[in-house]
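Data file: run_36.cif. Format and content: mmCIF, C-alpha atoms.
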```cif
data_input
#
loop_
_atom_site.group_PDB
_atom_site.id
_atom_site.type_symbol
_atom_site.label_atom_id
_atom_site.label_comp_id
_atom_site.auth_asym_id
_atom_site.auth_seq_id
_atom_site.Cartn_x
_atom_site.Cartn_y
_atom_site.Cartn_z
ATOM 1 C CA MET A 1 14.636 -42.899 11.609
ATOM 2 C CA SER A 2 14.271 -39.695 9.572
ATOM 3 C CA ALA A 3 10.996 -37.976 8.932
ATOM 4 C CA GLU A 4 11.393 -38.672 5.228
ATOM 5 C CA ALA A 5 11.636 -42.405 5.856
ATOM 6 C CA ASP A 6 8.531 -42.316 8.052
ATOM 7 C CA ASP A 7 6.537 -40.559 5.411
ATOM 8 C CA PRO A 8 5.887 -42.407 2.161
ATOM 9 C CA GLU A 9 5.084 -39.091 0.462
ATOM 10 C CA GLY A 10 8.468 -37.740 1.486
ATOM 11 C CA ALA A 11 10.218 -38.982 -1.618
ATOM 12 C CA SER A 12 7.858 -37.105 -3.907
ATOM 13 C CA THR A 13 8.030 -33.896 -1.895
ATOM 14 C CA ARG A 14 11.757 -33.576 -1.219
ATOM 15 C CA LEU A 15 13.118 -30.046 -0.962
ATOM 16 C CA ASP A 16 13.693 -28.761 -4.459
ATOM 17 C CA PRO A 17 17.386 -27.688 -4.623
ATOM 18 C CA LEU A 18 16.512 -25.015 -7.187
ATOM 19 C CA LEU A 19 14.246 -23.258 -4.664
ATOM 20 C CA HIS A 20 16.427 -23.932 -1.639
ATOM 21 C CA GLU A 21 18.553 -20.802 -2.061
ATOM 22 C CA PRO A 22 17.167 -18.206 0.451
ATOM 23 C CA ALA A 23 17.100 -15.345 -2.071
ATOM 24 C CA ARG A 24 15.183 -17.499 -4.584
ATOM 25 C CA LEU A 25 12.709 -18.502 -1.905
ATOM 26 C CA THR A 26 12.153 -14.831 -1.024
ATOM 27 C CA LEU A 27 11.758 -14.072 -4.731
ATOM 28 C CA LEU A 28 9.121 -16.786 -5.164
ATOM 29 C CA ALA A 29 7.323 -15.739 -1.960
ATOM 30 C CA THR A 30 7.179 -12.198 -3.357
ATOM 31 C CA LEU A 31 5.798 -13.414 -6.690
ATOM 32 C CA ALA A 32 3.217 -15.779 -5.126
ATOM 33 C CA PRO A 33 0.516 -13.185 -4.255
ATOM 34 C CA ALA A 34 0.981 -11.336 -7.568
ATOM 35 C CA GLU A 35 -0.050 -11.790 -11.197
ATOM 36 C CA TYR A 36 3.297 -10.202 -12.059
ATOM 37 C CA VAL A 37 5.945 -7.981 -10.474
ATOM 38 C CA GLU A 38 8.139 -5.599 -12.436
ATOM 39 C CA PHE A 39 11.880 -6.113 -12.099
ATOM 40 C CA SER A 40 12.416 -2.764 -10.348
ATOM 41 C CA ALA A 41 9.722 -3.521 -7.755
ATOM 42 C CA LEU A 42 11.098 -7.021 -7.273
ATOM 43 C CA LEU A 43 14.533 -5.539 -6.648
ATOM 44 C CA ARG A 44 13.119 -3.375 -3.850
ATOM 45 C CA LEU A 45 11.037 -6.172 -2.314
ATOM 46 C CA VAL A 46 13.644 -8.943 -2.420
ATOM 47 C CA GLY A 47 16.526 -6.723 -1.350
ATOM 48 C CA VAL A 48 19.371 -8.203 -3.404
ATOM 49 C CA SER A 49 21.641 -6.571 -5.970
ATOM 50 C CA LYS A 50 20.482 -6.057 -9.549
ATOM 51 C CA SER A 51 22.950 -8.596 -10.959
ATOM 52 C CA ALA A 52 22.117 -11.213 -8.315
ATOM 53 C CA LEU A 53 18.395 -10.832 -8.966
ATOM 54 C CA SER A 54 18.991 -11.023 -12.698
ATOM 55 C CA LYS A 55 20.887 -14.305 -12.254
ATOM 56 C CA HIS A 56 18.194 -15.813 -10.018
ATOM 57 C CA VAL A 57 15.435 -14.791 -12.427
ATOM 58 C CA SER A 58 17.354 -16.254 -15.381
ATOM 59 C CA ALA A 59 17.932 -19.569 -13.568
ATOM 60 C CA LEU A 60 14.285 -19.816 -12.539
ATOM 61 C CA ALA A 61 13.065 -18.838 -16.007
ATOM 62 C CA GLU A 62 15.284 -21.501 -17.566
ATOM 63 C CA ALA A 63 13.738 -24.083 -15.240
ATOM 64 C CA GLY A 64 10.224 -22.902 -16.147
ATOM 65 C CA ILE A 65 9.491 -21.686 -12.614
ATOM 66 C CA VAL A 66 8.987 -18.050 -13.617
ATOM 67 C CA VAL A 67 7.958 -16.362 -16.844
ATOM 68 C CA VAL A 68 9.573 -13.102 -17.985
ATOM 69 C CA THR A 69 7.641 -10.797 -20.313
ATOM 70 C CA ASN A 70 7.937 -7.190 -21.432
ATOM 71 C CA ALA A 71 5.378 -4.593 -20.370
ATOM 72 C CA PRO A 72 3.068 -3.777 -23.313
ATOM 73 C CA THR A 73 3.483 -0.030 -22.752
ATOM 74 C CA ASP A 74 7.267 -0.017 -22.332
ATOM 75 C CA LYS A 75 9.323 -2.822 -23.833
ATOM 76 C CA ARG A 76 12.277 -1.997 -21.558
ATOM 77 C CA VAL A 77 10.254 -2.925 -18.481
ATOM 78 C CA ARG A 78 10.474 -6.603 -17.556
ATOM 79 C CA ARG A 79 7.589 -8.275 -15.764
ATOM 80 C CA ILE A 80 8.225 -11.462 -13.833
ATOM 81 C CA ALA A 81 5.447 -13.903 -12.948
ATOM 82 C CA LEU A 82 5.257 -17.363 -11.403
ATOM 83 C CA SER A 83 4.341 -20.037 -13.942
ATOM 84 C CA GLU A 84 1.763 -22.725 -13.059
ATOM 85 C CA GLN A 85 4.617 -25.200 -12.662
ATOM 86 C CA GLY A 86 6.428 -22.683 -10.458
ATOM 87 C CA ARG A 87 3.366 -22.228 -8.287
ATOM 88 C CA ARG A 88 3.079 -26.004 -7.852
ATOM 89 C CA SER A 89 6.797 -26.366 -7.043
ATOM 90 C CA PHE A 90 6.674 -23.503 -4.557
ATOM 91 C CA ASP A 91 3.583 -24.953 -2.841
ATOM 92 C CA ALA A 92 5.230 -28.381 -2.699
ATOM 93 C CA TYR A 93 8.365 -26.832 -1.193
ATOM 94 C CA LEU A 94 6.344 -25.007 1.487
ATOM 95 C CA ARG A 95 4.323 -28.150 2.253
ATOM 96 C CA ARG A 96 7.577 -30.022 2.738
ATOM 97 C CA LEU A 97 8.865 -27.329 5.126
ATOM 98 C CA GLU A 98 5.601 -27.527 7.082
ATOM 99 C CA GLN A 99 5.968 -31.306 7.173
ATOM 100 C CA ILE A 100 9.454 -30.972 8.678
ATOM 101 C CA VAL A 101 8.165 -28.549 11.325
ATOM 102 C CA ARG A 102 5.183 -30.804 12.127
ATOM 103 C CA SER A 103 7.292 -33.939 12.347
ATOM 104 C CA ALA A 104 9.531 -32.241 14.941
ATOM 105 C CA ARG A 105 6.480 -31.643 17.139
ATOM 106 C CA GLY A 106 5.912 -35.417 17.259
ATOM 107 C CA PRO A 107 3.186 -37.734 15.961
ATOM 108 C CA VAL A 108 -0.473 -37.246 16.878
ATOM 109 C CA ARG A 109 -1.354 -39.309 19.966
ATOM 110 C CA PRO A 110 -3.768 -42.227 19.205
ATOM 111 C CA ALA A 111 -6.199 -41.135 21.930
ATOM 112 C CA ALA A 112 -6.370 -37.644 20.465
ATOM 113 C CA ALA A 113 -6.810 -39.055 16.958
ATOM 114 C CA GLU A 114 -9.682 -41.290 18.122
ATOM 115 C CA HIS A 115 -11.274 -38.352 19.875
ATOM 116 C CA ASP A 116 -11.035 -36.257 16.711
ATOM 117 C CA GLY A 117 -12.353 -39.111 14.572
ATOM 118 C CA GLY A 118 -15.366 -39.644 16.821
ATOM 119 C CA ARG A 119 -16.679 -36.144 16.192
ATOM 120 C CA MET B 120 17.345 -29.472 7.320
ATOM 121 C CA ASP B 121 16.167 -29.347 10.933
ATOM 122 C CA SER B 122 12.783 -28.084 12.084
ATOM 123 C CA ASP B 123 14.129 -24.763 13.395
ATOM 124 C CA GLU B 124 15.619 -23.906 10.045
ATOM 125 C CA ALA B 125 12.427 -25.002 8.287
ATOM 126 C CA ALA B 126 10.335 -22.835 10.637
ATOM 127 C CA ALA B 127 12.665 -19.871 10.041
ATOM 128 C CA ARG B 128 12.352 -20.329 6.272
ATOM 129 C CA LEU B 129 8.571 -20.521 6.514
ATOM 130 C CA ALA B 130 8.496 -17.343 8.620
ATOM 131 C CA ARG B 131 10.724 -15.541 6.122
ATOM 132 C CA THR B 132 8.568 -16.722 3.234
ATOM 133 C CA ASP B 133 5.429 -15.485 4.993
ATOM 134 C CA ARG B 134 7.017 -12.090 5.620
ATOM 135 C CA SER B 135 7.903 -11.723 1.938
ATOM 136 C CA THR B 136 4.436 -12.844 0.832
ATOM 137 C CA ARG B 137 2.750 -10.403 3.206
ATOM 138 C CA LEU B 138 5.005 -7.539 2.089
ATOM 139 C CA SER B 139 4.274 -8.263 -1.564
ATOM 140 C CA ALA B 140 0.517 -8.580 -0.951
ATOM 141 C CA ARG B 141 0.569 -5.304 0.989
ATOM 142 C CA SER B 142 2.450 -3.477 -1.785
ATOM 143 C CA GLY B 143 0.075 -4.788 -4.458
ATOM 144 C CA ALA B 144 -2.976 -3.848 -2.386
ATOM 145 C CA TRP B 145 -1.662 -0.311 -1.776
ATOM 146 C CA LEU B 146 -0.899 0.217 -5.469
ATOM 147 C CA THR B 147 -4.331 -1.012 -6.568
ATOM 148 C CA ALA B 148 -6.189 0.978 -3.896
ATOM 149 C CA ALA B 149 -4.137 4.091 -4.741
ATOM 150 C CA VAL B 150 -5.154 3.909 -8.409
ATOM 151 C CA VAL B 151 -8.845 3.478 -7.463
ATOM 152 C CA ALA B 152 -8.615 6.339 -4.928
ATOM 153 C CA ALA B 153 -6.943 8.587 -7.512
ATOM 154 C CA ALA B 154 -9.745 7.771 -9.969
ATOM 155 C CA VAL B 155 -12.418 8.655 -7.388
ATOM 156 C CA LEU B 156 -10.662 11.912 -6.523
ATOM 157 C CA ALA B 157 -10.236 12.813 -10.196
ATOM 158 C CA VAL B 158 -13.961 12.285 -10.835
ATOM 159 C CA GLY B 159 -14.804 14.618 -7.925
ATOM 160 C CA VAL B 160 -12.485 17.346 -9.223
ATOM 161 C CA VAL B 161 -13.761 17.028 -12.798
ATOM 162 C CA VAL B 162 -17.403 17.306 -11.667
ATOM 163 C CA ASP B 163 -16.611 20.399 -9.559
ATOM 164 C CA LEU B 164 -14.731 22.031 -12.416
ATOM 165 C CA GLY B 165 -17.634 21.261 -14.743
ATOM 166 C CA LEU B 166 -15.254 20.189 -17.499
ATOM 167 C CA VAL B 167 -16.943 17.173 -19.056
ATOM 168 C CA TRP B 168 -14.321 16.890 -21.808
ATOM 169 C CA LEU B 169 -11.693 16.368 -19.096
ATOM 170 C CA SER B 170 -13.392 13.143 -17.994
ATOM 171 C CA GLY B 171 -12.124 11.438 -21.157
ATOM 172 C CA LEU B 172 -8.550 12.378 -20.291
ATOM 173 C CA VAL B 173 -9.100 11.250 -16.700
ATOM 174 C CA ALA B 174 -10.424 7.891 -17.899
ATOM 175 C CA LEU B 175 -7.358 7.482 -20.131
ATOM 176 C CA GLY B 176 -5.038 8.452 -17.293
ATOM 177 C CA VAL B 177 -6.658 5.999 -14.876
ATOM 178 C CA ALA B 178 -6.510 3.197 -17.466
ATOM 179 C CA GLY B 179 -2.830 4.013 -18.022
ATOM 180 C CA LEU B 180 -2.093 3.950 -14.281
ATOM 181 C CA TRP B 181 -4.020 0.683 -13.906
ATOM 182 C CA GLY B 182 -2.000 -0.994 -16.620
ATOM 183 C CA ALA B 183 1.333 0.467 -15.498
ATOM 184 C CA ARG B 184 1.207 -0.856 -11.943
ATOM 185 C CA ALA B 185 4.595 -2.293 -10.999
ATOM 186 C CA LEU B 186 2.916 -5.109 -9.107
ATOM 187 C CA ARG B 187 -0.471 -6.568 -9.915
ATOM 188 C CA PRO B 188 -1.929 -8.553 -7.012
ATOM 189 C CA ARG B 189 -3.441 -11.955 -7.709
ATOM 190 C CA LEU B 190 -6.850 -11.628 -6.116
ATOM 191 C CA ASP B 191 -8.604 -14.773 -4.956
ATOM 192 C CA TRP B 192 -12.264 -13.821 -4.623
ATOM 193 C CA SER B 193 -13.141 -17.060 -2.844
ATOM 194 C CA ASP B 194 -12.103 -15.469 0.462
ATOM 195 C CA ARG B 195 -15.393 -14.222 1.866
ATOM 196 C CA VAL B 196 -13.952 -11.728 4.362
ATOM 197 C CA GLY B 197 -11.703 -10.178 1.720
ATOM 198 C CA SER B 198 -14.540 -9.969 -0.814
ATOM 199 C CA ALA B 199 -16.834 -8.452 1.832
ATOM 200 C CA LEU B 200 -14.188 -5.844 2.673
ATOM 201 C CA VAL B 201 -13.795 -4.815 -0.973
ATOM 202 C CA VAL B 202 -17.535 -4.755 -1.758
ATOM 203 C CA GLY B 203 -18.422 -3.244 1.633
ATOM 204 C CA GLY B 204 -15.663 -0.658 1.173
ATOM 205 C CA ALA B 205 -17.097 0.317 -2.213
ATOM 206 C CA VAL B 206 -20.584 0.713 -0.711
ATOM 207 C CA LEU B 207 -19.141 2.657 2.222
ATOM 208 C CA ALA B 208 -17.240 4.907 -0.200
ATOM 209 C CA VAL B 209 -20.509 5.772 -1.990
ATOM 210 C CA VAL B 210 -22.202 6.437 1.364
ATOM 211 C CA ALA B 211 -19.242 8.622 2.452
ATOM 212 C CA TYR B 212 -19.409 10.482 -0.885
ATOM 213 C CA LEU B 213 -23.108 11.285 -0.434
ATOM 214 C CA GLY B 214 -22.887 11.978 3.303
ATOM 215 C CA VAL B 215 -19.902 14.325 3.099
ATOM 216 C CA GLN B 216 -21.417 16.098 0.126
ATOM 217 C CA LEU B 217 -24.617 16.812 2.082
ATOM 218 C CA ALA B 218 -22.570 18.134 5.001
ATOM 219 C CA VAL B 219 -20.339 20.272 2.768
ATOM 220 C CA ARG B 220 -23.311 21.746 0.914
ATOM 221 C CA ALA B 221 -25.078 22.470 4.230
ATOM 222 C CA ALA B 222 -21.935 24.231 5.488
ATOM 223 C CA GLY B 223 -21.710 26.216 2.253
ATOM 224 C CA TRP B 224 -18.121 25.171 1.503
ATOM 225 C CA PRO B 225 -16.773 25.312 -2.041
ATOM 226 C CA ALA B 226 -15.970 22.196 -4.127
ATOM 227 C CA PRO B 227 -18.437 19.752 -2.526
ATOM 228 C CA HIS B 228 -17.662 16.971 -5.011
ATOM 229 C CA THR B 229 -13.921 17.225 -4.387
ATOM 230 C CA CYS B 230 -14.428 17.120 -0.604
ATOM 231 C CA SER B 231 -16.767 14.123 -0.811
ATOM 232 C CA ALA B 232 -14.464 12.356 -3.295
ATOM 233 C CA LEU B 233 -11.623 12.867 -0.826
ATOM 234 C CA ALA B 234 -13.681 11.126 1.870
ATOM 235 C CA ALA B 235 -14.544 8.281 -0.516
ATOM 236 C CA ALA B 236 -10.863 7.958 -1.495
ATOM 237 C CA VAL B 237 -9.895 7.617 2.171
ATOM 238 C CA VAL B 238 -12.486 4.844 2.602
ATOM 239 C CA VAL B 239 -11.065 3.066 -0.468
ATOM 240 C CA LEU B 240 -7.523 3.361 0.904
ATOM 241 C CA VAL B 241 -8.506 2.034 4.321
ATOM 242 C CA VAL B 242 -11.252 -0.561 3.761
ATOM 243 C CA CYS B 243 -10.860 -1.721 0.147
ATOM 244 C CA ARG B 244 -7.076 -1.810 0.502
ATOM 245 C CA ALA B 245 -7.399 -4.173 3.462
ATOM 246 C CA GLY B 246 -9.704 -6.359 1.363
ATOM 247 C CA PHE B 247 -7.278 -6.380 -1.592
ATOM 248 C CA GLN B 248 -4.452 -7.361 0.750
ATOM 249 C CA ARG B 249 -6.462 -10.255 2.158
ATOM 250 C CA LEU B 250 -7.529 -11.461 -1.291
ATOM 251 C CA ALA B 251 -3.912 -11.318 -2.512
ATOM 252 C CA SER B 252 -2.678 -13.271 0.530
ATOM 253 C CA THR B 253 -5.350 -15.902 -0.117
ATOM 254 C CA GLY B 254 -4.222 -16.037 -3.747
ATOM 255 C CA ALA B 255 -0.740 -16.884 -2.533
ATOM 256 C CA GLY B 256 -2.033 -20.078 -0.920
ATOM 257 C CA ALA B 257 -3.570 -18.758 2.321
ATOM 258 C CA ARG B 258 -0.235 -18.744 4.070
ATOM 259 C CA GLY B 259 0.167 -15.012 4.352
ATOM 260 C CA ARG B 260 -2.827 -14.526 6.596
ATOM 261 C CA THR B 261 -2.703 -17.659 8.693
ATOM 262 C CA ARG B 262 0.529 -16.939 10.491
#
```
Spit out the file's structure as structure tokens when you get a sec.
Amino acid sequence: MSAEADDPEGASTRLDPLLHEPARLTLLATLAPAEYVEFSALLRLVGVSKSALSKHVSALAEAGIVVVTNAPTDKRVRRIALSEQGRRSFDAYLRRLEQIVRSARGPVRPAAAEHDGGR
Amino acid sequence: MDSDEAAARLARTDRSTRLSARSGAWLTAAVVAAAVLAVGVVVDLGLVWLSGLVALGVAGLWGARALRPRLDWSDRVGSALVVGGAVLAVVAYLGVQLAVRAAGWPAPHTCSALAAAVVVLVVCRAGFQRLASTGAGARGRTR
């Protein structure tokens, strides 16, 4: 039986196909510890071409995962930030990945669980 | 997706988060260090009117950062590093200034501001990086 079938929460935390693309995941991981990142800095940190990054940002902005604004001092500078919804989706995606890794290590043994519960 | 692929994705995500947090911390600490250094130079030059320009320049740099870290002040170690680094920077400023004056060197404020800037870049920067990693969901520092 699959890990998803074992876990009743699995259905609600399936891997989001929008975030599944490796470059998008790197993009979101780069945005996560920041209030915003300028497009030029994002380009350097993510390491993809300008057009590819532009496409990913547009797709994520359309889905409401990221928010694109202009810098107040220079309107040509684009600032990209994770939206609240994006932060939740990204966290859910990472939790699901952790769940997959944990499930491969096997279930917690009952004796160990009892021992932990008795503390 | 199998567990190996999931683990590889998690590792890659953590690397990107750490890199971003580190860049944001360096940028923020560099602006603070530049401000400290500028204050030292202005005081040594005795040009009070220049302090207004310095304040404007620092505010401009602060707002023009290419990456602004999301600092989560609930992390006690990170907060302690930033606050402790600030206190240490003041102590370094005073201590180096005493030593420079005793040695009779020129520009004591610039020398002591340089020492304080180094403390900001080393200690406060580490604190900023930790706070930013915590802001990203505590994943960056746990693996």
Against chain B, which residues of chain A fall within 7 Å? For each one I want the closest pair of atoms and the distance in Å (one decimal), counting all atoms listed in the file, rows by chain and increasing residue number, as a tab-separated table.
```
residue	atom	partner	partner_atom	distance
A:Leu25	CA	B:Thr132	CA	6.8
A:Thr26	CA	B:Thr132	CA	5.9
A:Ala29	CA	B:Thr136	CA	5.0
A:Thr30	CA	B:Thr136	CA	5.0
A:Ala32	CA	B:Ala255	CA	4.9
A:Pro33	CA	B:Ala255	CA	4.3
A:Ala34	CA	B:Pro188	CA	4.1
A:Glu35	CA	B:Arg189	CA	4.9
A:Tyr36	CA	B:Arg187	CA	5.7
A:Val37	CA	B:Leu186	CA	4.4
A:Glu38	CA	B:Ala185	CA	5.1
A:Ala41	CA	B:Ala185	CA	6.2
A:Leu97	CA	B:Ala125	CA	5.3
A:Ile100	CA	B:Ser122	CA	5.6
A:Val101	CA	B:Ser122	CA	4.7
A:Ala104	CA	B:Ser122	CA	6.0
```
Worksheet, complete the sentence: Pairwise distance, atom CA of Pro22 of chain A with atom CA of Ala71 of chain A, equals 27.5 Å
Emit as AutoDock Vina command-line options the padded axis-aligned box for all listed atoms of segment 182-195 of chain B, 4 Å per side, with centre and edge lengths in Å to one decimal.
```
--center_x -5.4 --center_y -8.3 --center_z -7.4 --size_x 28.0 --size_y 25.5 --size_z 26.5
```
Worksheet item: Leaving out Ala92 of chain A and any residue of its chain fewer than 3 positions from it, which residues lie within 9 Å of it when counting all atoms listed in the file, given as a ChimeraX atom specification?
Response: /A:13-16,87-89,95-97
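Residues selected in this file by the PyMOL selection byres ((chain B and resi 207) around 12) comprise Ala199, Leu200, Val201, Val202, Gly203, Gly204, Ala205, Val206, Ala208, Val209, Val210, Ala211, Tyr212, Leu213, Gly214, Val215, Ala234, Ala235, Ala236, Val237, Val238, Val239, Leu240, Val241, Val242 and Cys243 of chain B.
Taking atom CA of Glu84 of chain A as the reference point, atom CA of Trp181 of chain B is found at 24.1 Å.
In this model, the gap between atom CA of Ser58 of chain A and atom CA of Arg24 of chain A comes to 11.1 Å.
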Worksheet item: Any chance you could work out the residue set of the PyMOL selection byres ((chain B and resi 150-154) around 7) here, as a PyMOL selection string?
Response: chain B and resi 146-149+155-158+177+180-181+236+239-240
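Of the listed residues (B:Ala245, B:Cys230, B:Val219, B:Val160), B:Ala245 comes nearest to Ser198 of chain B; the distances count only C-alpha atoms.
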Item to complete: Determine the residue membership of the PyMOL selection byres ((chain A and resi 68) around 9) for the file above and supply it as a list in words.
Response: Val57, Ser58, Ala61, Val66, Val67, Thr69, Asn70, Arg78, Arg79, Ile80, Ala81 and Leu82 of chain A
